[in-house]
Amino acid sequence: MAQVLQAKKDFDKAIDKFLLVCECTERVIAMNPGANVEIHWVVFSLGAISDIYQDRQDYNKSILYRNAQRAFLEFMQTQKGTNKSTFATNSDSDDEDLITIATKSHSYMKLFESVHEAMKAPEKPPPEDPQELMRKLQEARKKDEEEKIEQTIKLLNEAADAREKEIQNSFWKRNMQRITDHPVIFVFIVLIISVCVILFVKFKPKKKINIPGGIDAQMAYLEQYVRDYERKHGKKEPKKPVMHGHHHHHHHHDL
């Protein structure tokens, strides 16, 4: 029955059934220490429980049940040896039998203690280290922010390409560019400040958390982009007809 439940992944019920085998065997031995008990069913059950906890990645419980199983196996091995020697001498001494039974009973009590210890152990493995959780959270946030910044840079580049083509198409528009350049740079700076504010608000809960290096690099890229843009469009002589053909494929960006 327990094996069927285990196969169906009904692990909690399977564990209960396997433990019931152990508990029934323990009760029989307690009431009748001389009884010839099928102890191999206990060994099988403990192994099965250990396997279930291993599948659940609850390694602490799995090891405890595996150790209990090993202790029972070792005891069975020693019993095989003593039984043979007892039959060989064929002793009729009742006292000797009582001592053997008492010793056996005591051994079983100790063995079942290891089973109870495994049962009492807390269920799941200890919770994840808080620092490790924080690190994972930071990584997720960092990735999210970097993707947003990369998307922003991509949009800026596309807008810049479209503007450049438009400027090259008309001489008067090139002169107009000198007037519009400063508002564009102003918009870029506002954008950078906005990104900074978003990042600082996101990372505010913990004072010690630094903004990851990847984001700093992206911010530096944006600032450099603004400087390059100003140098390229704000302070240049009107001489770039050569580039006309190169940018022709950008006509889908016309504003």
# chains A, B, ... in the order shown; residues from 1 in each chain; ligands from 1
$ residues_around --residues "stretch 34-37 of chain A" --least-positions-apart "6" --cutoff "10 Å" --atoms "only C-alpha atoms" --output "PDB file with C-alpha atoms, in the first residue's frame"
ATOM      1  CA  THR A  25       6.742  -3.724  15.042  1.00  0.00           C
ATOM      2  CA  GLU A  26       7.973  -1.671  18.008  1.00  0.00           C
ATOM      3  CA  VAL A  28       4.901  -6.122  19.273  1.00  0.00           C
ATOM      4  CA  ASP A  97      17.422 -17.492  27.024  1.00  0.00           C
ATOM      5  CA  LEU A  98      16.142 -14.769  29.356  1.00  0.00           C
ATOM      6  CA  THR A 100      19.410 -13.185  25.356  1.00  0.00           C
ATOM      7  CA  ILE A 101      15.820 -11.923  25.185  1.00  0.00           C
ATOM      8  CA  ALA A 102      16.527  -9.043  27.583  1.00  0.00           C
ATOM      9  CA  LYS A 104      17.703  -8.219  22.352  1.00  0.00           C
ATOM     10  CA  SER A 105      14.832  -6.170  23.787  1.00  0.00           C
TER      11      SER A 105
END
$ closest_residue --among "A:Gln224, A:Ser107, A:Ser194, A:Ser114" --to "A:Ile63" --atoms "only C-alpha atoms"
A:Ser114
$ closest_residue --among "A:Glu117, A:Gln57, A:Leu191, A:Lys165" --to "A:Ile153" --atoms "only C-alpha atoms"
A:Leu191
$ closest_residue --among "A:Asn169, A:Gln218, A:Asn60, A:Gln79" --to "A:Thr152" --atoms "only C-alpha atoms"
A:Gln218
$ closest_residue --among "A:Ser62, A:Thr103, A:Gln138, A:Gln131" --to "A:Phe203" --atoms "only C-alpha atoms"
A:Gln138
$ residues_around --residues "stretch 50-54 of chain A" --least-positions-apart "2" --cutoff "9 Å" --atoms "only C-alpha atoms" --output "ChimeraX atom specification"
/A:6,11,14-15,45-48,56-66,69,124
$ write_last_selection --atoms "C-alpha atoms" --output "mmCIF file, in the first residue's frame"
data_model
loop_
_atom_site.group_PDB
_atom_site.id
_atom_site.type_symbol
_atom_site.label_atom_id
_atom_site.label_comp_id
_atom_site.auth_asym_id
_atom_site.auth_seq_id
_atom_site.Cartn_x
_atom_site.Cartn_y
_atom_site.Cartn_z
ATOM 1 C CA GLN A 6 4.905 6.476 -3.054
ATOM 2 C CA PHE A 11 4.409 11.290 -0.159
ATOM 3 C CA ALA A 14 3.236 7.024 2.082
ATOM 4 C CA ILE A 15 5.435 8.210 4.979
ATOM 5 C CA SER A 45 10.236 1.132 5.408
ATOM 6 C CA LEU A 46 13.053 3.284 6.804
ATOM 7 C CA GLY A 47 14.864 3.136 3.455
ATOM 8 C CA ALA A 48 11.700 4.142 1.583
ATOM 9 C CA ARG A 56 12.042 16.467 -1.424
ATOM 10 C CA GLN A 57 15.628 17.723 -0.930
ATOM 11 C CA ASP A 58 15.091 17.484 2.835
ATOM 12 C CA TYR A 59 18.543 15.975 3.300
ATOM 13 C CA ASN A 60 18.658 16.247 7.091
ATOM 14 C CA LYS A 61 15.600 13.974 7.561
ATOM 15 C CA SER A 62 16.768 11.679 4.762
ATOM 16 C CA ILE A 63 20.141 11.077 6.468
ATOM 17 C CA LEU A 64 18.530 10.455 9.888
ATOM 18 C CA TYR A 65 16.227 7.753 8.465
ATOM 19 C CA ARG A 66 19.099 6.259 6.447
ATOM 20 C CA GLN A 69 18.033 1.847 8.628
ATOM 21 C CA LYS A 124 12.134 20.977 5.829
#
$ residues_around --residues "stretch 110-112 of chain A" --least-positions-apart "4" --cutoff "12 Å" --atoms "only C-alpha atoms" --output "ChimeraX atom specification"
/A:19,22-27,29-30,39,42-43,46,65,67-76,103-106,116-119
$ closest_residue --among "A:Ile198, A:Met31, A:Met109, A:Val115" --to "A:Arg141" --atoms "only C-alpha atoms"
A:Ile198
